[in-house]
Structure formats: structure tokens, C-alpha cells
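A.B. asks: The structure's right below; bear with me while I get my questions together.
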Amino acid sequence: MNDADFEKLRARVAHITRPEKSLLLYYFLVSLFGFIAFPFVFIPLLFRYETLKYRFDDQGVFMSHGIFFRQEMQLTYARMQDIHLSQNLLERWLQIGTVTVQTAGAGEGGNLGIAGVKDFEAIRDYLYARMRGVRDEGKHAGHSEALVEIRDALNRTAEALKAVAERR
């Protein structure tokens, strides 16, 4: 992926700050399966939907939701281990999906779920690119030059030491 493609992808993902309205319909339909428990299932999901926010920045991914019991989670790109996409039949019909980002050593509690988004494949591609360091290709060019200079200085030092050893 070149820099131009990455910037387009970053722009697409940066605009995703809230789930799609289809997620609310999904929550409603899932709650209907509770029959008599419908209000007890739907009301917490409604609060979750209304307060659910996402942010993708240079440090990582941020997600928050909740009114009475607020939950916030931020994952840096360095902590991300794997990314999974999921869609059940109902989500496919509503054209939404969930991106689950797994972290190392945190168990199930360390996973971040980005639910109810239409552009979930773009999010996956963006996160993989960030994990792999595509965003820093331009920055590493300066590091490569510095490494070449260090290598050359070490080679000159080794040659000088070799010359001194041969004189003895």
C-alpha cells in the first residue's frame, strides 16, 4: 500500500465516529427475541447505541459508551495482535459488521469491538496498515540513512583497528 492509498484509507476511517443507524434496528430486532423481557433487553442496548463513540487517531483506537456505567477503552497500534471481522445473517441483511481487535495477554476483556459499521473492511485494512507500520515508511527513510552512516563509521573504525593491528 503506497502513501496515497493509505491517506485515502485514513480519511475514510477517520470519519467513522458513530455506529450506523442500522445498529439500532439490529438491537431492536434482537431484543424482540426476548418477548416479555423486551424492555429489559432493549433499553440498555438503546443507551449503548446512543452513547457509542469511536475515534481513530495517530496513537490508536478509542471507544466509549455508557451512561450509568461508562466504559472507555483505548488500544494503541503497538498492542494490537489480530483483527477479526464478523457478520451474522441479520447484520449481513442490514449491511453492517463488527471489527474485533485482539490484544496480547488481556483475555476477552482486552478485546475492542467496533460494532455496527458499514465500512468494516476499510477499518480492518487501516488497522492492519497501522500495525504493520505503513504509516511510518516515509519516516523510516531518515532512519535508514542514519543506519548507513553508522555502518560506514563502524567499517572505517574496523579498518583503522585492522591497520593498527597489522603494524604491530
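By convention here, the chains of the C-alpha cells are called A, B, ... in the order presented, each chain's residues are numbered starting at 1, and ligands are numbered starting at 1 in the order presented.
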If you run DSSP over the backbone, which residues in segment 11-164 of chain A end up alpha helix (DSSP H)? Put them as a ChimeraX atom specification.

C.D. replies: /A:11-14,22-32,38-51,89-94,120-132,137-164

A.B. asks: At a cut-off of 7 Å, using only C-alpha atoms, what residues contact segment 113-129 of chain A? Leave out same-chain residues fewer than 3 positions from it and give the result as a VMD selection string.

C.D. replies: chain A and resid 9 to 10 13 19 to 20 23 83 95 to 101 132 to 134

A.B. asks: Write the residues of the preceding selection, restricted to C-alpha atoms, as a CSV table (one decimal), in the first residue's frame.

C.D. replies:
```
chain,number,residue,atom,x,y,z
A,9,LEU,CA,-8.0,4.9,3.8
A,10,ARG,CA,-7.1,7.1,6.8
A,13,VAL,CA,-11.8,5.7,8.7
A,19,PRO,CA,-22.2,3.3,14.6
A,20,GLU,CA,-24.7,3.2,11.7
A,23,LEU,CA,-27.3,-1.0,14.5
A,83,ILE,CA,-8.2,-8.2,13.8
A,95,GLN,CA,-25.1,-4.3,5.7
A,96,ILE,CA,-23.2,-3.7,9.0
A,97,GLY,CA,-20.5,-5.7,10.7
A,98,THR,CA,-18.2,-5.8,13.7
A,99,VAL,CA,-14.4,-5.4,13.8
A,100,THR,CA,-12.9,-7.1,16.8
A,101,VAL,CA,-9.3,-6.1,17.7
A,132,ARG,CA,2.5,-3.1,10.1
A,133,GLY,CA,3.9,0.4,10.1
A,134,VAL,CA,2.9,1.6,6.7
```

A.B. asks: Going by DSSP on the backbone, which residues of segment 20-122 of chain A come out as strand (DSSP E or B)? List them as a PyMOL selection string.

C.D. replies: chain A and resi 53-56+60-65+71-76+80-86+97-103+112-117

A.B. asks: Which residues are near Met63 of chain A? Cut-off 10 Å, only C-alpha atoms, ignore same chain within fewer than 2 positions. Put them as JSON, numbers by chain.

C.D. replies: {"A": [17, 18, 52, 53, 54, 55, 56, 61, 65, 71, 72, 73, 74, 75, 112, 113, 114]}

A.B. asks: Using only C-alpha atoms, I'd like a table of the residues in segment 55-143 of chain A that come within 8 Å of segment 25-44 of chain A; for each, show the closest atom pair and its distance in Å rounded to one decimal, ordered by chain and ascending number, as JSON lines.

C.D. replies:
```
{"residue": "A:Leu90", "atom": "CA", "partner": "A:Tyr26", "partner_atom": "CA", "distance": 7.3}
{"residue": "A:Glu91", "atom": "CA", "partner": "A:Tyr26", "partner_atom": "CA", "distance": 7.1}
{"residue": "A:Leu94", "atom": "CA", "partner": "A:Tyr26", "partner_atom": "CA", "distance": 7.6}
```

A.B. asks: With N, CA and C atoms retained, write the just-selected residues as a tab-separated table (two decimals), in the first residue's frame.

C.D. replies:
```tsv
chain	number	residue	atom	x	y	z
A	90	LEU	N	-28.38	-11.49	10.21
A	90	LEU	CA	-29.13	-10.24	10.37
A	90	LEU	C	-28.24	-9.03	10.06
A	91	GLU	N	-27.02	-9.06	10.51
A	91	GLU	CA	-26.09	-7.96	10.22
A	91	GLU	C	-25.79	-7.87	8.73
A	94	LEU	N	-28.59	-6.10	7.12
A	94	LEU	CA	-28.54	-4.67	7.43
A	94	LEU	C	-27.27	-4.00	6.89
```

A.B. asks: When you draw a straight line from atom CA of Gly110 of chain A to atom CA of Lys8 of chain A, how long is it in Å?

C.D. replies: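 Atom-to-atom, atom CA of Gly110 of chain A to atom CA of Lys8 of chain A, that is 28.8 Å.
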
A.B. asks: Report, in Å with one decimal, the straight-line distance from atom CA of Arg130 of chain A to atom CA of Ser64 of chain A.

C.D. replies: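 Between these atoms lies a distance of 21.0 Å.
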
A.B. asks: Please measure the separation of atom CA of His15 of chain A and atom CA of Gln59 of chain A, giving the value in Å to one decimal.

C.D. replies: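 Interatomic distance, atom CA of His15 of chain A to atom CA of Gln59 of chain A: 16.3 Å.
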
A.B. asks: Here is a test: counting only C-alpha atoms, which residue of A:Met131, A:Asn88, A:Arg12, A:Trp93 is nearest to Asp58 of chain A?

C.D. replies: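 When distances to Asp58 of chain A are compared using only C-alpha atoms, the smallest one comes from A:Met131.
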